[in-house]
Amino acid sequence: MTGPTMEVKGVKEALAILNAMDKKTRRQITKDFAEIAKPMVVEAKRMLPGDAPMSGWNRSYRYNSGTGDALLPWLGSAEARSVKAFTSGSKKKAAVFGMKWNSRAATLFDMAGKSNTPQGAQMINVLTSRYGSPSRTMWKAYEAASSDVQDQMRKLVEKIMNESSYALRYRAGKTTVAKIVKVI
């Protein structure tokens, strides 16, 4: 089941305005989002296994025939600590607000679903049988809190737009408008 989604235009621009004109308010918005996302982050951490999801994940593994960065071992509590809420005004990123892993092993656990090798296919079969299909934690954590998060995000977007319009109006003599384009 997928919950409602909200598409908003103008938030990145409004955050950039606030970042340039009122850093204190911009930092408060980041803190507000972290508080809104807290139930999702807690749920994602709860859904992660404390022990390695598979026995082979206890061993060290580097990709690219051992020359790449470390992908494993699974570090349990360290993987749980790697779940974070983020706010980004970067034009390179599609999302302004989100939740992410800062761990390769946790990302592999959550999203592995296709493989080009028999070993990879076996790993995916085991993960799917034990923990469900991809996204094993992040999307399910969002779905568990989606209705409350959507309502709070709508209020946060309104706050962002009001604050940026105020900053422009009284500091630069301009106004900016963002609107919720659609709620699906």
# chains A, B, ... in the order shown; residues from 1 in each chain; ligands from 1
>>> select_by_dssp(residues="range 36-113 of chain A", states="helix (DSSP H, G or I)", output="list in words")
Ile36, Ala37, Lys38, Pro39, Met40, Val41, Val42, Glu43, Ala44, Lys45, Arg46, Met47, Ser55, Gly56, Trp57, Asn58, Ser77, Ala78, Glu79, Ala80, Arg81, Arg104, Ala105, Ala106, Thr107, Leu108, Phe109, Asp110 and Met111 of chain A
>>> write_last_selection(atoms="N, CA and C atoms", output="short mmCIF file (atom, residue, chain, number, x, y, z; two decimals), in the first residue's frame")
data_model
loop_
_atom_site.label_atom_id
_atom_site.label_comp_id
_atom_site.auth_asym_id
_atom_site.auth_seq_id
_atom_site.Cartn_x
_atom_site.Cartn_y
_atom_site.Cartn_z
N ILE A 36 9.82 15.94 12.93
CA ILE A 36 8.72 15.33 12.17
C ILE A 36 9.10 13.92 11.73
N ALA A 37 10.36 13.75 11.29
CA ALA A 37 10.82 12.47 10.76
C ALA A 37 11.18 11.47 11.86
N LYS A 38 11.24 11.90 13.09
CA LYS A 38 11.68 11.03 14.19
C LYS A 38 10.90 9.71 14.26
N PRO A 39 9.57 9.69 14.14
CA PRO A 39 8.86 8.40 14.18
C PRO A 39 9.30 7.45 13.06
N MET A 40 9.57 8.00 11.87
CA MET A 40 10.03 7.15 10.76
C MET A 40 11.42 6.60 11.04
N VAL A 41 12.30 7.45 11.55
CA VAL A 41 13.68 7.03 11.84
C VAL A 41 13.68 5.95 12.92
N VAL A 42 12.89 6.17 13.97
CA VAL A 42 12.81 5.19 15.06
C VAL A 42 12.28 3.85 14.54
N GLU A 43 11.24 3.91 13.71
CA GLU A 43 10.67 2.68 13.15
C GLU A 43 11.67 1.95 12.25
N ALA A 44 12.41 2.69 11.42
CA ALA A 44 13.41 2.07 10.55
C ALA A 44 14.49 1.40 11.39
N LYS A 45 14.93 2.05 12.45
CA LYS A 45 15.95 1.47 13.33
C LYS A 45 15.41 0.21 14.02
N ARG A 46 14.14 0.25 14.41
CA ARG A 46 13.54 -0.91 15.07
C ARG A 46 13.46 -2.10 14.14
N MET A 47 13.24 -1.86 12.86
CA MET A 47 13.08 -2.94 11.89
C MET A 47 14.41 -3.58 11.48
N SER A 55 24.57 -15.23 7.63
CA SER A 55 25.82 -15.60 8.30
C SER A 55 27.05 -15.02 7.60
N GLY A 56 27.05 -14.93 6.29
CA GLY A 56 28.20 -14.40 5.57
C GLY A 56 28.43 -12.92 5.80
N TRP A 57 27.43 -12.23 6.32
CA TRP A 57 27.55 -10.79 6.54
C TRP A 57 28.36 -10.46 7.79
N ASN A 58 28.78 -11.48 8.53
CA ASN A 58 29.67 -11.26 9.67
C ASN A 58 31.12 -11.06 9.23
N SER A 77 24.36 -2.28 15.67
CA SER A 77 23.95 -0.98 16.22
C SER A 77 24.51 0.18 15.41
N ALA A 78 25.67 0.01 14.80
CA ALA A 78 26.23 1.07 13.95
C ALA A 78 25.36 1.27 12.71
N GLU A 79 24.79 0.19 12.20
CA GLU A 79 23.89 0.30 11.04
C GLU A 79 22.64 1.08 11.44
N ALA A 80 22.12 0.82 12.63
CA ALA A 80 20.94 1.54 13.10
C ALA A 80 21.23 3.03 13.29
N ARG A 81 22.41 3.34 13.78
CA ARG A 81 22.77 4.76 13.96
C ARG A 81 22.92 5.49 12.64
N ARG A 104 26.69 1.53 3.65
CA ARG A 104 26.55 0.68 2.45
C ARG A 104 25.87 -0.64 2.77
N ALA A 105 26.23 -1.22 3.91
CA ALA A 105 25.66 -2.52 4.28
C ALA A 105 24.16 -2.40 4.54
N ALA A 106 23.74 -1.32 5.21
CA ALA A 106 22.33 -1.13 5.48
C ALA A 106 21.55 -0.87 4.19
N THR A 107 22.14 -0.13 3.26
CA THR A 107 21.50 0.12 1.97
C THR A 107 21.35 -1.19 1.21
N LEU A 108 22.39 -2.03 1.23
CA LEU A 108 22.32 -3.34 0.58
C LEU A 108 21.20 -4.17 1.20
N PHE A 109 21.13 -4.20 2.53
CA PHE A 109 20.09 -4.95 3.22
C PHE A 109 18.71 -4.45 2.80
N ASP A 110 18.53 -3.15 2.77
CA ASP A 110 17.22 -2.56 2.50
C ASP A 110 16.78 -2.72 1.06
N MET A 111 17.69 -2.53 0.10
CA MET A 111 17.28 -2.38 -1.29
C MET A 111 17.67 -3.52 -2.23
#
>>> residues_around(residues="range 121-137 of chain A", least_positions_apart="3", cutoff="8 Å", atoms="only C-alpha atoms", output="list of chain:residue names")
A:Ala44, A:Met47, A:Leu48, A:Pro53, A:Met54, A:Phe109, A:Asp110, A:Met111, A:Ala112, A:Gly113, A:Lys114, A:Ser115, A:Asn116, A:Thr117, A:Pro118, A:Lys140, A:Ala141
>>> select_by_dssp(residues="chain A", states="strand (DSSP E or B)", output="PyMOL selection string")
chain A and resi 6-9+61-62+70-72+83-87+97-101+179-183
>>> atom_distance(atom1="CA of Arg154 in chain A", atom2="CA of Lys23 in chain A")
21.4 Å
